[in-house]
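Okay, structure first, notes after.
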Amino acid sequence: MSDSFLLSPAEVAELTGYQKPNAQFGWLEREGFPFLIGGDGRPKVLRELVVRRLGGSAHEKPRPSPQLRLT
C-alpha cells in the first residue's frame, strides 16, 4: 500500500470493483464514501476514510504474518 493520502486509481478500482470512473462515482456515492473528482476525471478518495470505514486505524502498522515452525 502507498504512503499517499489518496487511494491510487488501481486501489479505487479494487475498492469499487469498477474500472470506469463513472461507475466508480456511483458505487462510492451508494456506499457513502466521500470523494472529489480530479482534473483527470477520476475520483479522489482519502485513504484514511477507507481504512477507518473498514474497521482499521490509519496509524496502525500491519501485523507480521504468523510463521509456521516445524520441530
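Following the order of the C-alpha cells, chains are lettered A, B, ..., residues in each are numbered from 1, and ligands are numbered from 1.
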
Write out as a count of residues only the residues lying within 10 Å of A:Leu28, counting only C-alpha atoms and excluding same-chain residues fewer than 2 positions away.
-> 15

Report as a PDB file with C-alpha atoms, in the first residue's frame: the residues of chain A with a DSSP assignment of alpha helix (DSSP H), based on the backbone of this structure.
```pdb
ATOM      1  CA  PRO A   9      -6.539   4.658  -9.307  1.00  0.00           C
ATOM      2  CA  ALA A  10      -5.847   0.912  -9.020  1.00  0.00           C
ATOM      3  CA  GLU A  11      -6.920   0.928  -5.349  1.00  0.00           C
ATOM      4  CA  VAL A  12     -10.137   2.801  -6.189  1.00  0.00           C
ATOM      5  CA  ALA A  13     -10.843   0.189  -8.875  1.00  0.00           C
ATOM      6  CA  GLU A  14     -10.175  -2.614  -6.386  1.00  0.00           C
ATOM      7  CA  LEU A  15     -12.388  -0.992  -3.738  1.00  0.00           C
ATOM      8  CA  THR A  16     -15.304  -0.330  -6.075  1.00  0.00           C
ATOM      9  CA  PRO A  21     -14.720   6.475 -13.324  1.00  0.00           C
ATOM     10  CA  ASN A  22     -18.485   6.956 -13.873  1.00  0.00           C
ATOM     11  CA  ALA A  23     -19.191   3.513 -12.408  1.00  0.00           C
ATOM     12  CA  GLN A  24     -16.775   4.251  -9.538  1.00  0.00           C
ATOM     13  CA  PHE A  25     -18.633   7.509  -8.776  1.00  0.00           C
ATOM     14  CA  GLY A  26     -21.918   5.636  -8.493  1.00  0.00           C
ATOM     15  CA  TRP A  27     -20.502   2.938  -6.231  1.00  0.00           C
ATOM     16  CA  LEU A  28     -18.766   5.464  -3.958  1.00  0.00           C
ATOM     17  CA  GLU A  29     -21.976   7.517  -3.661  1.00  0.00           C
ATOM     18  CA  ARG A  30     -24.135   4.443  -2.905  1.00  0.00           C
ATOM     19  CA  GLU A  31     -21.689   3.257  -0.246  1.00  0.00           C
ATOM     20  CA  ARG A  47      -7.100   6.555   2.294  1.00  0.00           C
ATOM     21  CA  GLU A  48      -7.746   7.238   5.984  1.00  0.00           C
ATOM     22  CA  LEU A  49     -11.542   7.300   5.469  1.00  0.00           C
ATOM     23  CA  VAL A  50     -11.480   3.928   3.738  1.00  0.00           C
ATOM     24  CA  VAL A  51      -9.237   2.366   6.388  1.00  0.00           C
ATOM     25  CA  ARG A  52     -11.454   3.650   9.204  1.00  0.00           C
ATOM     26  CA  ARG A  53     -14.635   2.584   7.427  1.00  0.00           C
TER      27      ARG A  53
END
```

Mind listing the strand (DSSP E or B) residues of chain A, per DSSP on the backbone, as a PyMOL selection string?
-> chain A and resi 6+36-37+43-44+46

Would you export the selected residues with N, CA and C atoms as a PDB file, in the first residue's frame, please?
```
ATOM      1  N   LEU A   6      -4.116   9.744  -0.663  1.00  0.00           N
ATOM      2  CA  LEU A   6      -5.210   9.336  -1.541  1.00  0.00           C
ATOM      3  C   LEU A   6      -5.007   7.916  -2.049  1.00  0.00           C
ATOM      4  N   LEU A  36     -13.770  13.483  -4.276  1.00  0.00           N
ATOM      5  CA  LEU A  36     -13.727  14.625  -5.185  1.00  0.00           C
ATOM      6  C   LEU A  36     -13.383  14.103  -6.566  1.00  0.00           C
ATOM      7  N   ILE A  37     -13.749  14.859  -7.581  1.00  0.00           N
ATOM      8  CA  ILE A  37     -13.377  14.490  -8.941  1.00  0.00           C
ATOM      9  C   ILE A  37     -12.154  15.311  -9.315  1.00  0.00           C
ATOM     10  N   PRO A  43     -12.129   9.713  -9.521  1.00  0.00           N
ATOM     11  CA  PRO A  43     -12.457  10.031  -8.134  1.00  0.00           C
ATOM     12  C   PRO A  43     -11.203  10.027  -7.257  1.00  0.00           C
ATOM     13  N   LYS A  44     -11.154  10.980  -6.348  1.00  0.00           N
ATOM     14  CA  LYS A  44     -10.062  11.081  -5.371  1.00  0.00           C
ATOM     15  C   LYS A  44     -10.652  10.747  -4.011  1.00  0.00           C
ATOM     16  N   LEU A  46      -9.864   9.716   0.084  1.00  0.00           N
ATOM     17  CA  LEU A  46      -8.881   9.719   1.167  1.00  0.00           C
ATOM     18  C   LEU A  46      -8.690   8.307   1.723  1.00  0.00           C
TER      19      LEU A  46
END
```

What does the distance between atom CA of A:Leu7 and atom CA of A:Gly38 come to in Å, to one decimal place?
->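 About the pair atom CA of A:Leu7 and atom CA of A:Gly38: they are 12.4 Å apart.
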
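Atom to atom, atom CA of A:Lys20 and atom CA of A:Ser4 stand 21.6 Å apart.
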